[in-house]
$ cat start-v4.cif   # mmCIF, C-alpha atoms
data_my_file
#
loop_
_atom_site.label_atom_id
_atom_site.label_comp_id
_atom_site.auth_asym_id
_atom_site.auth_seq_id
_atom_site.Cartn_x
_atom_site.Cartn_y
_atom_site.Cartn_z
CA MET R 1 -37.23 15.64 3.41
CA ALA R 2 -40.50 13.69 3.25
CA TYR R 3 -40.54 10.57 5.42
CA PRO R 4 -42.52 7.47 4.34
CA SER R 5 -45.74 6.47 6.05
CA MET R 6 -45.82 3.48 8.40
CA GLY R 7 -47.35 1.32 5.66
CA GLU R 8 -44.78 2.43 3.08
CA ALA R 9 -41.96 1.80 5.56
CA HIS R 10 -43.27 -1.73 6.16
CA ARG R 11 -43.40 -2.34 2.40
CA ARG R 12 -39.82 -1.16 1.82
CA ILE R 13 -38.42 -3.30 4.63
CA THR R 14 -40.27 -6.39 3.39
CA GLU R 15 -39.06 -5.68 -0.14
CA TYR R 16 -35.43 -5.56 1.06
CA LEU R 17 -35.86 -8.82 2.98
CA ASN R 18 -37.25 -10.50 -0.10
CA LYS R 19 -34.37 -9.21 -2.24
CA PHE R 20 -31.88 -10.63 0.26
CA SER R 21 -33.62 -13.99 0.46
CA ASN R 22 -33.94 -14.29 -3.32
CA ALA R 23 -30.34 -13.27 -3.93
CA VAL R 24 -29.14 -16.03 -1.59
CA SER R 25 -31.59 -18.62 -2.95
CA TYR R 26 -30.68 -17.95 -6.58
CA GLN R 27 -27.00 -17.19 -5.84
CA ASP R 28 -27.34 -13.75 -7.42
CA VAL R 29 -24.13 -12.14 -6.16
CA ALA R 30 -24.62 -8.85 -8.05
CA SER R 31 -27.96 -8.18 -6.33
CA LEU R 32 -26.61 -9.35 -2.97
CA SER R 33 -23.58 -7.03 -3.17
CA GLN R 34 -25.78 -3.98 -3.80
CA LEU R 35 -27.68 -4.66 -0.55
CA PHE R 36 -24.47 -4.22 1.50
CA SER R 37 -22.91 -1.20 -0.23
CA PHE R 38 -23.56 1.57 2.32
CA SER R 39 -20.88 3.88 0.92
CA SER R 40 -22.67 4.00 -2.44
CA ASN R 41 -25.41 6.02 -0.70
CA SER R 42 -27.92 4.53 -3.12
CA PRO R 43 -31.46 5.98 -2.88
CA SER R 44 -32.91 2.52 -2.13
CA LEU R 45 -30.61 1.99 0.89
CA LEU R 46 -31.17 5.52 2.20
CA SER R 47 -34.96 5.11 1.89
CA LEU R 48 -34.67 1.75 3.69
CA ALA R 49 -32.77 3.45 6.51
CA ASP R 50 -35.54 6.06 6.83
CA SER R 51 -38.13 3.27 6.89
CA LEU R 52 -36.22 1.43 9.64
CA ASN R 53 -36.16 4.57 11.76
CA ILE R 54 -39.97 4.90 11.39
CA PHE R 55 -40.96 1.22 11.58
CA GLN R 56 -39.15 0.24 14.79
CA ASP R 57 -40.17 -3.43 14.76
CA ALA R 58 -38.20 -4.79 11.81
CA ASN R 59 -36.80 -7.61 13.96
CA ARG R 60 -40.34 -8.95 14.42
CA LEU R 61 -40.76 -9.11 10.65
CA ILE R 62 -37.58 -11.19 10.44
CA LYS R 63 -38.52 -13.58 13.26
CA GLN R 64 -42.12 -14.15 12.14
CA SER R 65 -41.13 -15.46 8.70
CA ASP R 66 -39.43 -18.82 8.18
CA LYS R 67 -38.07 -17.34 4.95
CA PHE R 68 -36.16 -14.60 6.80
CA SER R 69 -35.63 -15.94 10.32
CA GLN R 70 -32.81 -18.30 9.24
CA TYR R 71 -30.81 -15.17 8.35
CA GLY R 72 -31.79 -13.23 11.48
CA GLU R 73 -28.22 -13.03 12.85
CA ILE R 74 -27.14 -11.46 9.56
CA LEU R 75 -30.06 -9.11 8.93
CA ALA R 76 -30.69 -7.70 12.43
CA PRO R 77 -27.20 -6.14 12.91
CA LEU R 78 -27.18 -5.06 9.25
CA PHE R 79 -30.37 -3.06 9.84
CA ARG R 80 -28.95 -1.52 13.05
CA SER R 81 -25.81 -0.52 11.19
CA LEU R 82 -27.79 1.09 8.37
CA GLN R 83 -29.92 3.05 10.85
CA SER R 84 -26.84 4.39 12.65
CA TYR R 85 -25.14 5.17 9.34
CA ARG R 86 -28.13 7.19 8.17
CA VAL R 87 -28.13 9.43 11.26
CA GLY R 88 -24.33 9.88 11.16
CA ASN R 89 -23.49 7.74 14.19
CA LEU R 90 -20.52 6.08 12.52
CA VAL R 91 -18.98 4.33 15.53
CA ASP R 92 -22.23 2.46 16.24
CA ALA R 93 -22.63 1.84 12.50
CA TYR R 94 -19.20 0.20 12.42
CA HIS R 95 -19.86 -1.97 15.50
CA ALA R 96 -23.15 -3.27 14.11
CA PHE R 97 -21.68 -3.78 10.62
CA GLU R 98 -18.84 -5.85 12.10
CA LYS R 99 -21.41 -8.10 13.86
CA PHE R 100 -23.27 -8.49 10.58
CA ALA R 101 -20.02 -9.27 8.74
CA ASN R 102 -19.04 -11.94 11.27
CA ALA R 103 -22.45 -13.59 10.92
CA PHE R 104 -22.18 -13.44 7.12
CA ILE R 105 -18.74 -15.11 7.24
CA GLN R 106 -20.19 -18.00 9.23
CA GLU R 107 -22.87 -18.48 6.58
CA PHE R 108 -20.31 -18.06 3.77
CA ARG R 109 -18.14 -20.74 5.36
CA ASN R 110 -21.02 -23.23 5.08
CA TRP R 111 -21.54 -22.62 1.36
CA GLU R 112 -19.55 -25.07 -0.73
CA SER R 113 -19.05 -22.84 -3.77
CA ALA R 114 -17.52 -19.36 -3.99
CA TRP R 115 -20.60 -17.77 -5.57
CA ALA R 116 -20.80 -15.00 -2.91
CA LEU R 117 -17.15 -13.94 -3.17
CA GLU R 118 -17.93 -10.54 -4.71
CA ALA R 119 -20.36 -9.83 -1.86
CA LEU R 120 -17.58 -10.65 0.61
CA TYR R 121 -15.34 -8.18 -1.25
CA VAL R 122 -17.99 -5.48 -0.79
CA ILE R 123 -18.21 -6.27 2.94
CA ALA R 124 -14.41 -6.05 3.31
CA TYR R 125 -14.39 -2.72 1.46
CA GLU R 126 -17.29 -1.33 3.52
CA ILE R 127 -15.50 -2.34 6.72
CA TRP R 128 -12.51 -0.27 5.56
CA VAL R 129 -14.68 2.76 4.71
CA LEU R 130 -16.71 2.60 7.94
CA VAL R 131 -13.70 2.11 10.19
CA GLU R 132 -11.95 5.16 8.71
CA ARG R 133 -15.04 7.30 9.28
CA ALA R 134 -15.61 5.86 12.76
CA ASP R 135 -12.03 6.68 13.78
CA ARG R 136 -12.41 10.22 12.44
CA GLU R 137 -15.56 10.59 14.55
CA LEU R 138 -13.71 9.34 17.65
CA ALA R 139 -10.80 11.71 17.05
CA PHE R 140 -13.20 14.63 16.54
CA ASN R 141 -14.79 13.83 19.91
CA GLY R 142 -11.40 13.74 21.63
CA LYS R 143 -11.27 9.93 21.92
CA SER R 144 -8.64 7.47 20.80
CA PRO R 145 -9.19 6.33 17.17
CA GLU R 146 -8.78 2.60 17.82
CA LYS R 147 -11.23 0.86 15.49
CA LEU R 148 -8.75 0.31 12.66
CA LYS R 149 -6.93 -2.38 14.66
CA GLY R 150 -10.22 -4.23 15.12
CA ALA R 151 -10.87 -4.10 11.39
CA GLY R 152 -7.45 -5.69 10.83
CA SER R 153 -8.35 -8.57 13.18
CA PHE R 154 -11.65 -9.07 11.36
CA LEU R 155 -9.97 -9.19 7.94
CA MET R 156 -7.44 -11.73 9.23
CA LYS R 157 -10.44 -13.88 10.14
CA VAL R 158 -11.78 -13.48 6.59
CA PHE R 159 -8.34 -14.40 5.21
CA GLY R 160 -8.42 -17.58 7.30
CA VAL R 161 -11.74 -18.55 5.76
CA LEU R 162 -10.42 -18.01 2.22
CA ALA R 163 -6.90 -19.41 2.64
CA GLY R 164 -7.78 -23.04 2.02
CA LYS R 165 -8.19 -25.45 -0.83
CA GLY R 166 -11.10 -24.91 -3.16
CA PRO R 167 -12.52 -22.10 -5.30
CA LYS R 168 -12.78 -19.61 -2.43
CA ARG R 169 -8.99 -19.21 -2.28
CA VAL R 170 -8.97 -16.76 -5.22
CA GLY R 171 -10.47 -14.18 -2.83
CA ALA R 172 -7.49 -14.34 -0.45
CA LEU R 173 -5.44 -11.78 -2.38
CA TYR R 174 -8.20 -9.13 -2.29
CA VAL R 175 -8.45 -9.45 1.50
CA THR R 176 -4.65 -9.38 1.74
CA CYS R 177 -4.62 -6.03 -0.08
CA GLN R 178 -7.24 -4.64 2.32
CA LEU R 179 -5.02 -5.78 5.21
CA PHE R 180 -2.06 -3.99 3.62
CA LYS R 181 -4.07 -0.75 3.55
CA ILE R 182 -4.78 -1.08 7.27
CA TYR R 183 -1.21 -2.02 8.25
CA PHE R 184 0.25 0.86 6.23
CA LYS R 185 -2.27 3.26 7.77
CA LEU R 186 -1.42 2.03 11.29
CA GLY R 187 2.33 2.09 10.61
CA THR R 188 2.58 -1.63 11.44
CA VAL R 189 3.94 -2.81 8.09
CA HIS R 190 5.86 -5.63 9.81
CA LEU R 191 2.50 -7.41 10.17
CA CYS R 192 2.40 -7.76 6.37
CA ARG R 193 5.12 -10.41 6.50
CA SER R 194 2.98 -13.27 7.78
CA VAL R 195 0.29 -12.64 5.16
CA ILE R 196 2.90 -12.37 2.38
CA ARG R 197 4.47 -15.61 3.56
CA SER R 198 1.08 -17.33 3.35
CA ILE R 199 0.48 -16.07 -0.19
CA GLU R 200 3.97 -16.70 -1.58
CA THR R 201 4.90 -20.00 0.07
CA ALA R 202 1.58 -21.87 0.45
CA ARG R 203 1.19 -24.51 -2.25
CA ILE R 204 -2.56 -23.92 -2.50
CA PHE R 205 -2.02 -20.52 -4.15
CA TYR R 206 -1.00 -19.92 -7.75
CA PHE R 207 -0.37 -16.19 -8.20
CA GLU R 208 -1.51 -15.98 -11.82
CA GLU R 209 -4.96 -17.34 -10.96
CA PHE R 210 -5.81 -14.24 -8.92
CA PRO R 211 -7.75 -11.37 -10.57
CA ARG R 212 -5.54 -8.76 -12.28
CA ARG R 213 -6.72 -5.87 -10.07
CA ASP R 214 -5.68 -7.79 -6.93
CA LYS R 215 -2.28 -8.74 -8.39
CA VAL R 216 -1.59 -5.09 -9.27
CA THR R 217 -2.54 -3.88 -5.78
CA TYR R 218 -0.52 -6.66 -4.14
CA MET R 219 2.61 -5.86 -6.18
CA TYR R 220 2.19 -2.14 -5.42
CA TYR R 221 2.16 -2.68 -1.66
CA THR R 222 4.87 -5.34 -1.60
CA GLY R 223 6.95 -3.05 -3.84
CA ARG R 224 6.57 -0.28 -1.27
CA LEU R 225 7.68 -2.72 1.44
CA GLU R 226 10.83 -3.48 -0.56
CA VAL R 227 11.48 0.28 -0.76
CA PHE R 228 11.31 0.53 3.04
CA ASN R 229 13.72 -2.40 3.27
CA GLU R 230 16.02 -0.65 0.74
CA ASN R 231 15.81 -3.66 -1.57
CA PHE R 232 15.57 -1.50 -4.68
CA PRO R 233 15.98 -4.22 -7.37
CA ALA R 234 13.04 -6.17 -5.88
CA ALA R 235 11.05 -2.94 -5.49
CA ASP R 236 11.75 -2.12 -9.14
CA HIS R 237 10.49 -5.54 -10.24
CA LYS R 238 7.28 -5.39 -8.22
CA LEU R 239 6.36 -1.77 -8.92
CA SER R 240 7.15 -2.24 -12.62
CA TYR R 241 4.81 -5.24 -12.66
CA ALA R 242 2.09 -3.12 -11.04
CA LEU R 243 2.58 -0.34 -13.60
CA THR R 244 2.63 -2.69 -16.60
CA HIS R 245 -0.56 -4.50 -15.57
CA CYS R 246 -2.46 -1.50 -14.18
CA ASN R 247 -5.63 -0.50 -16.02
CA PRO R 248 -4.49 2.40 -18.28
CA LEU R 249 -7.74 4.24 -17.54
CA ARG R 250 -6.96 4.32 -13.79
CA GLU R 251 -4.85 7.48 -13.88
CA ALA R 252 -4.86 7.95 -10.10
CA ASN R 253 -3.50 4.42 -9.59
CA ILE R 254 -0.78 4.94 -12.20
CA ARG R 255 0.31 8.11 -10.42
CA MET R 256 0.45 6.26 -7.08
CA ILE R 257 2.69 3.58 -8.56
CA LEU R 258 4.98 6.06 -10.33
CA LYS R 259 5.48 8.11 -7.15
CA TYR R 260 7.40 5.14 -5.73
CA LEU R 261 8.74 3.58 -8.92
CA ILE R 262 10.51 6.73 -10.15
CA PRO R 263 12.62 7.25 -6.98
CA VAL R 264 13.44 3.53 -7.10
CA LYS R 265 14.59 3.90 -10.72
CA LEU R 266 16.69 6.91 -9.73
CA SER R 267 18.28 4.91 -6.91
CA LEU R 268 19.30 2.32 -9.51
CA GLY R 269 20.79 5.02 -11.73
CA ILE R 270 17.94 4.86 -14.27
CA LEU R 271 16.55 8.23 -15.33
CA PRO R 272 12.95 8.08 -16.60
CA ARG R 273 11.86 10.20 -19.57
CA PRO R 274 10.65 13.69 -18.54
CA SER R 275 7.74 13.22 -20.98
CA LEU R 276 6.47 10.35 -18.81
CA LEU R 277 6.41 12.61 -15.75
CA GLU R 278 4.70 15.41 -17.65
CA LYS R 279 2.09 13.02 -19.07
CA HIS R 280 1.01 11.95 -15.59
CA ASN R 281 1.34 15.43 -14.08
CA LEU R 282 4.05 14.36 -11.65
CA LEU R 283 5.60 17.79 -11.20
CA GLU R 284 7.29 16.89 -7.90
CA MET R 285 8.89 13.88 -9.62
CA LEU R 286 9.96 16.11 -12.52
CA CYS R 287 11.73 18.32 -9.99
CA ALA R 288 13.34 15.25 -8.37
CA HIS R 289 14.38 13.99 -11.80
CA ALA R 290 15.98 17.31 -12.73
CA PHE R 291 18.02 17.81 -9.59
CA TYR R 292 19.01 14.15 -9.36
CA GLN R 293 20.27 14.16 -12.93
CA VAL R 294 22.57 17.09 -12.14
CA ILE R 295 23.55 15.82 -8.68
CA TYR R 296 24.28 12.27 -9.79
CA LEU R 297 26.39 13.30 -12.76
CA ARG R 298 28.42 15.64 -10.58
CA GLY R 299 28.55 13.39 -7.51
CA ASP R 300 27.65 16.56 -5.61
CA LEU R 301 26.44 15.60 -2.14
CA ARG R 302 26.14 19.24 -1.10
CA LEU R 303 23.69 19.92 -3.92
CA LEU R 304 21.61 16.87 -2.97
CA ARG R 305 21.24 18.03 0.62
CA HIS R 306 20.36 21.56 -0.42
CA ALA R 307 17.76 20.28 -2.89
CA LEU R 308 16.15 18.00 -0.30
CA GLN R 309 16.01 20.88 2.15
CA GLU R 310 14.59 23.32 -0.41
CA HIS R 311 11.86 20.94 -1.66
CA GLU R 312 11.26 19.16 1.66
CA ASP R 313 7.58 20.11 2.00
CA GLN R 314 6.80 19.11 -1.57
CA PHE R 315 8.50 15.73 -1.26
CA LEU R 316 6.95 15.02 2.16
CA ARG R 317 3.46 15.75 0.82
CA SER R 318 4.00 13.38 -2.11
CA GLY R 319 5.36 10.67 0.22
CA VAL R 320 8.73 10.22 -1.50
CA TYR R 321 11.07 12.24 0.74
CA LEU R 322 12.53 9.22 2.55
CA VAL R 323 13.09 7.37 -0.71
CA LEU R 324 14.91 10.34 -2.24
CA GLU R 325 16.95 10.77 0.93
CA LYS R 326 18.24 7.24 0.44
CA LEU R 327 19.78 8.32 -2.88
CA GLU R 328 22.65 9.80 -0.87
CA LEU R 329 24.58 6.54 -1.09
CA GLN R 330 24.40 6.60 -4.89
CA VAL R 331 25.81 10.13 -4.85
CA TYR R 332 28.65 8.98 -2.57
CA GLN R 333 29.33 6.17 -5.04
CA ARG R 334 29.43 8.67 -7.91
CA LEU R 335 31.88 10.88 -6.00
CA VAL R 336 34.18 7.93 -5.26
CA LYS R 337 33.94 6.92 -8.92
CA LYS R 338 35.04 10.39 -10.04
CA ILE R 339 38.00 10.28 -7.65
CA TYR R 340 38.91 6.85 -9.05
CA PHE R 341 38.89 8.13 -12.66
CA ILE R 342 40.99 11.18 -11.77
CA GLN R 343 43.58 8.93 -10.10
CA LYS R 344 43.52 6.62 -13.10
CA LEU R 345 44.52 9.50 -15.34
CA LYS R 346 47.38 10.45 -13.03
CA ASP R 347 48.71 7.00 -12.12
CA PRO R 348 46.85 4.00 -13.68
CA SER R 349 48.82 1.47 -11.60
CA LYS R 350 47.48 2.89 -8.29
CA ALA R 351 44.02 3.96 -9.40
CA HIS R 352 42.40 1.12 -7.41
CA GLN R 353 43.90 2.37 -4.12
CA LEU R 354 41.85 5.23 -2.69
CA LYS R 355 43.21 6.94 0.40
CA LEU R 356 40.56 8.04 2.87
CA GLU R 357 42.22 11.41 3.24
CA VAL R 358 41.61 12.07 -0.48
CA ILE R 359 37.90 11.32 -0.05
CA VAL R 360 37.76 13.58 3.01
CA LYS R 361 39.44 16.40 1.02
CA ALA R 362 36.90 16.01 -1.80
CA LEU R 363 34.05 16.24 0.72
CA LYS R 364 35.64 19.28 2.33
CA TRP R 365 35.76 20.95 -1.08
CA LEU R 366 32.00 20.31 -1.22
CA GLU R 367 31.72 22.08 2.17
CA ILE R 368 30.95 18.82 4.00
CA ASP R 369 33.02 18.27 7.13
CA MET R 370 33.87 14.62 7.76
CA ASP R 371 36.72 12.97 9.64
CA LEU R 372 38.53 9.77 8.64
CA ASP R 373 36.41 7.54 10.87
CA GLU R 374 33.18 8.84 9.30
CA ALA R 375 34.60 8.41 5.81
CA GLU R 376 35.62 4.85 6.70
CA CYS R 377 32.06 4.16 7.84
CA ILE R 378 30.62 5.50 4.57
CA MET R 379 33.01 3.37 2.48
CA THR R 380 32.16 0.28 4.54
CA ILE R 381 28.45 0.83 3.84
CA LEU R 382 29.11 1.31 0.11
CA ILE R 383 31.01 -1.99 0.01
CA TYR R 384 28.31 -3.76 2.05
CA LYS R 385 25.56 -2.43 -0.25
CA ASN R 386 27.56 -3.64 -3.29
CA LEU R 387 27.82 -0.10 -4.63
CA VAL R 388 31.60 -0.42 -4.49
CA LYS R 389 33.51 -3.67 -4.99
CA GLY R 390 36.64 -4.02 -2.91
CA TYR R 391 37.83 -4.11 0.68
CA PHE R 392 39.05 -1.69 3.31
CA ALA R 393 42.64 -1.74 4.58
CA HIS R 394 42.06 -0.37 8.05
CA LYS R 395 45.68 -0.01 9.09
CA SER R 396 46.72 2.08 6.11
CA LYS R 397 43.30 3.83 5.78
CA VAL R 398 43.02 2.82 2.14
CA VAL R 399 40.10 1.48 0.14
CA VAL R 400 41.37 -1.19 -2.23
CA LEU R 401 39.01 -1.40 -5.21
CA SER R 402 38.55 -4.45 -7.40
CA LYS R 403 40.62 -4.15 -10.58
CA GLN R 404 37.66 -5.51 -12.52
CA TYR R 405 34.28 -3.78 -12.26
CA PRO R 406 34.94 -1.76 -9.05
CA PHE R 407 31.52 -0.09 -9.40
CA PRO R 408 28.86 -2.75 -10.03
CA LYS R 409 25.87 -1.62 -12.06
#

$ encode --input "start-v4.cif" --output "structure tokens"
Amino acid sequence: MAYPSMGEAHRRITEYLNKFSNAVSYQDVASLSQLFSFSSNSPSLLSLADSLNIFQDANRLIKQSDKFSQYGEILAPLFRSLQSYRVGNLVDAYHAFEKFANAFIQEFRNWESAWALEALYVIAYEIWVLVERADRELAFNGKSPEKLKGAGSFLMKVFGVLAGKGPKRVGALYVTCQLFKIYFKLGTVHLCRSVIRSIETARIFYFEEFPRRDKVTYMYYTGRLEVFNENFPAADHKLSYALTHCNPLREANIRMILKYLIPVKLSLGILPRPSLLEKHNLLEMLCAHAFYQVIYLRGDLRLLRHALQEHEDQFLRSGVYLVLEKLELQVYQRLVKKIYFIQKLKDPSKAHQLKLEVIVKALKWLEIDMDLDEAECIMTILIYKNLVKGYFAHKSKVVVLSKQYPFPK
């Protein structure tokens, strides 16, 4: 690799400084955003990094010019970050980039209009990319990968800048989605609640004014949160919104949405078309669809458990194992429903009275050992989850079903 001469390095650095100054002066957000996009590995940024490593006095160039010195707190750490990034020192690159980002936020706060919003998006994205790489570097060196938490704190600061009245507020949802990525990665999804509350209850926000890409991402993550909370109707609504409004050319994003939406549909007793799964190459979902269709129709809990065990690795890799595991309650409901219909054929007047011992016998026939107390617990959960409508007569060990609509849809 040929390195530039000292004179060429000086020229490239000065050229970058002029581009930055002009972009700010003329509010050219497209040009400004390109200057911050490290992960693009653009030839111009890589050549600038090489020039900075040769011409070691870039800070003097910044301080000596009135044109550049006013942005010294932004440019100096940005240059340090780019130098570290170029040589593969990602932890130092992240630290310096965070200092640059904080300085940029202070400047952004002083600008009345939201002209630089796209540049702020690029900074938030680059923070995410750098922090992931920095944590991988720390883990590789046997150290604790702790930078992701710091990135979350930084993005909360950005959210605070955007979450106010005025045109800048439309950027709040993008930053929220970046926060979701961090919280999901850290396993601290409970931290999403405060941000969601700010977006959904604050009067300054109108959801439809946000860009479509941000609304889709937001509904995808909040849909996943509803899955974790076992609120499947709400999850269905949010994930369906994300799927309907997702760019049809973004195949990878569609697959990500469907991986959660399909198990949610199954949990609601809705079987998607196999052609949909084949179209998006969701073979693991096709497998789930096939065994669930058989299991649900039979009310066969034994078959469900065997299928989950047999395909465990596949479902864990695709991230849907826990969602499919939660389908067990629907299978219990189906089993109880079959018992109800059999009793209705034998004695219609007592069909709504299900003895626990009958349920236990049905489970025993399926090779599932369960005593009366366990069966009572299962029936209580089914009633609580509104999968069965009725009440439990504890003394007589009988489930008394509603005579009208005992199995709500």

$ resolve_selection --input "start-v4.cif" --expression "the PyMOL selection byres ((chain R and resi 353) around 6)" --output "compact mmCIF listing (two decimals) with C-alpha atoms, in the coordinates of the input"
# COMPACT_ATOMS: atom_id res chain seq x y z
CA LYS R 350 47.48 2.89 -8.29
CA ALA R 351 44.02 3.96 -9.40
CA HIS R 352 42.40 1.12 -7.41
CA LEU R 354 41.85 5.23 -2.69
CA VAL R 399 40.10 1.48 0.14
CA VAL R 400 41.37 -1.19 -2.23

$ closest_atom_pairs --input "start-v4.cif" --of "range 214-256 of chain R" --to "range 372-385 of chain R" --cutoff "12 Å" --atoms "all atoms listed in the file" --output "Markdown table"
| residue | atom | partner | partner_atom | distance |
| --- | --- | --- | --- | --- |
| R:Glu230 | CA | R:Lys385 | CA | 9.8 |
| R:Asn231 | CA | R:Lys385 | CA | 9.9 |
| R:Phe232 | CA | R:Lys385 | CA | 11.0 |

$ write_last_selection --input "start-v4.cif" --atoms "C-alpha atoms" --output "PDB file, keeping the file's coordinate frame"
ATOM      1  CA  GLU R 230      16.020  -0.650   0.740  1.00  0.00           C
ATOM      2  CA  ASN R 231      15.810  -3.660  -1.570  1.00  0.00           C
ATOM      3  CA  PHE R 232      15.570  -1.500  -4.680  1.00  0.00           C
TER       4      PHE R 232
END

$ atom_distance --input "start-v4.cif" --atom1 "CA of Tyr94 in chain R" --atom2 "CA of Val158 in chain R"
16.6 Å

$ resolve_selection --input "start-v4.cif" --expression "the PyMOL selection byres ((chain R and resi 124-131) around 9)" --output "NGL selection string"
:R and (36-39 or 85 or 90-91 or 93-94 or 97-98 or 101 or 119-123 or 132-136 or 147-148 or 150-151 or 155 or 158 or 174-175 or 178 or 181-182)

$ build_atoms --input "start-v4.cif" --residues "range 254-260 of chain R" --atoms "all heavy atoms" --output "PDB file, in the frame of the given file"
ATOM      1  N   ILE R 254      -2.078   4.846 -11.505  1.00  0.00           N
ATOM      2  CA  ILE R 254      -0.780   4.940 -12.200  1.00  0.00           C
ATOM      3  C   ILE R 254       0.120   5.955 -11.512  1.00  0.00           C
ATOM      4  O   ILE R 254       1.320   5.717 -11.319  1.00  0.00           O
ATOM      5  CB  ILE R 254      -1.009   5.312 -13.688  1.00  0.00           C
ATOM      6  CG1 ILE R 254      -1.684   4.148 -14.425  1.00  0.00           C
ATOM      7  CG2 ILE R 254       0.312   5.668 -14.376  1.00  0.00           C
ATOM      8  CD1 ILE R 254      -2.108   4.454 -15.836  1.00  0.00           C
ATOM      9  N   ARG R 255      -0.465   7.078 -11.126  1.00  0.00           N
ATOM     10  CA  ARG R 255       0.310   8.110 -10.420  1.00  0.00           C
ATOM     11  C   ARG R 255       0.853   7.575  -9.090  1.00  0.00           C
ATOM     12  O   ARG R 255       2.002   7.833  -8.722  1.00  0.00           O
ATOM     13  CB  ARG R 255      -0.553   9.346 -10.167  1.00  0.00           C
ATOM     14  CG  ARG R 255      -0.713  10.253 -11.382  1.00  0.00           C
ATOM     15  CD  ARG R 255      -1.722  11.362 -11.104  1.00  0.00           C
ATOM     16  NE  ARG R 255      -1.410  12.090  -9.886  1.00  0.00           N
ATOM     17  CZ  ARG R 255      -0.522  13.080  -9.788  1.00  0.00           C
ATOM     18  NH1 ARG R 255       0.139  13.463 -10.866  1.00  0.00           N
ATOM     19  NH2 ARG R 255      -0.296  13.685  -8.644  1.00  0.00           N
ATOM     20  N   MET R 256       0.018   6.834  -8.360  1.00  0.00           N
ATOM     21  CA  MET R 256       0.450   6.260  -7.080  1.00  0.00           C
ATOM     22  C   MET R 256       1.634   5.331  -7.258  1.00  0.00           C
ATOM     23  O   MET R 256       2.583   5.346  -6.462  1.00  0.00           O
ATOM     24  CB  MET R 256      -0.721   5.515  -6.425  1.00  0.00           C
ATOM     25  CG  MET R 256      -1.782   6.416  -5.822  1.00  0.00           C
ATOM     26  SD  MET R 256      -3.248   5.485  -5.315  1.00  0.00           S
ATOM     27  CE  MET R 256      -2.549   4.429  -4.050  1.00  0.00           C
ATOM     28  N   ILE R 257       1.580   4.513  -8.301  1.00  0.00           N
ATOM     29  CA  ILE R 257       2.690   3.580  -8.560  1.00  0.00           C
ATOM     30  C   ILE R 257       3.953   4.340  -8.940  1.00  0.00           C
ATOM     31  O   ILE R 257       5.046   4.074  -8.419  1.00  0.00           O
ATOM     32  CB  ILE R 257       2.296   2.584  -9.674  1.00  0.00           C
ATOM     33  CG1 ILE R 257       1.121   1.708  -9.224  1.00  0.00           C
ATOM     34  CG2 ILE R 257       3.493   1.707 -10.055  1.00  0.00           C
ATOM     35  CD1 ILE R 257       0.472   0.917 -10.352  1.00  0.00           C
ATOM     36  N   LEU R 258       3.813   5.312  -9.843  1.00  0.00           N
ATOM     37  CA  LEU R 258       4.980   6.060 -10.330  1.00  0.00           C
ATOM     38  C   LEU R 258       5.657   6.860  -9.218  1.00  0.00           C
ATOM     39  O   LEU R 258       6.870   7.070  -9.258  1.00  0.00           O
ATOM     40  CB  LEU R 258       4.566   6.985 -11.472  1.00  0.00           C
ATOM     41  CG  LEU R 258       4.295   6.312 -12.820  1.00  0.00           C
ATOM     42  CD1 LEU R 258       3.730   7.314 -13.820  1.00  0.00           C
ATOM     43  CD2 LEU R 258       5.570   5.677 -13.385  1.00  0.00           C
ATOM     44  N   LYS R 259       4.891   7.325  -8.240  1.00  0.00           N
ATOM     45  CA  LYS R 259       5.480   8.110  -7.150  1.00  0.00           C
ATOM     46  C   LYS R 259       6.522   7.308  -6.374  1.00  0.00           C
ATOM     47  O   LYS R 259       7.422   7.888  -5.761  1.00  0.00           O
ATOM     48  CB  LYS R 259       4.386   8.598  -6.204  1.00  0.00           C
ATOM     49  CG  LYS R 259       3.670   9.835  -6.707  1.00  0.00           C
ATOM     50  CD  LYS R 259       2.687  10.364  -5.683  1.00  0.00           C
ATOM     51  CE  LYS R 259       2.023  11.646  -6.170  1.00  0.00           C
ATOM     52  NZ  LYS R 259       1.075  12.195  -5.175  1.00  0.00           N
ATOM     53  N   TYR R 260       6.392   5.981  -6.389  1.00  0.00           N
ATOM     54  CA  TYR R 260       7.400   5.140  -5.730  1.00  0.00           C
ATOM     55  C   TYR R 260       8.371   4.542  -6.745  1.00  0.00           C
ATOM     56  O   TYR R 260       9.558   4.368  -6.449  1.00  0.00           O
ATOM     57  CB  TYR R 260       6.718   4.022  -4.927  1.00  0.00           C
ATOM     58  CG  TYR R 260       6.091   4.553  -3.664  1.00  0.00           C
ATOM     59  CD1 TYR R 260       4.776   4.979  -3.640  1.00  0.00           C
ATOM     60  CD2 TYR R 260       6.839   4.683  -2.495  1.00  0.00           C
ATOM     61  CE1 TYR R 260       4.208   5.509  -2.496  1.00  0.00           C
ATOM     62  CE2 TYR R 260       6.285   5.204  -1.337  1.00  0.00           C
ATOM     63  CZ  TYR R 260       4.966   5.616  -1.348  1.00  0.00           C
ATOM     64  OH  TYR R 260       4.417   6.145  -0.210  1.00  0.00           O
TER      65      TYR R 260
END
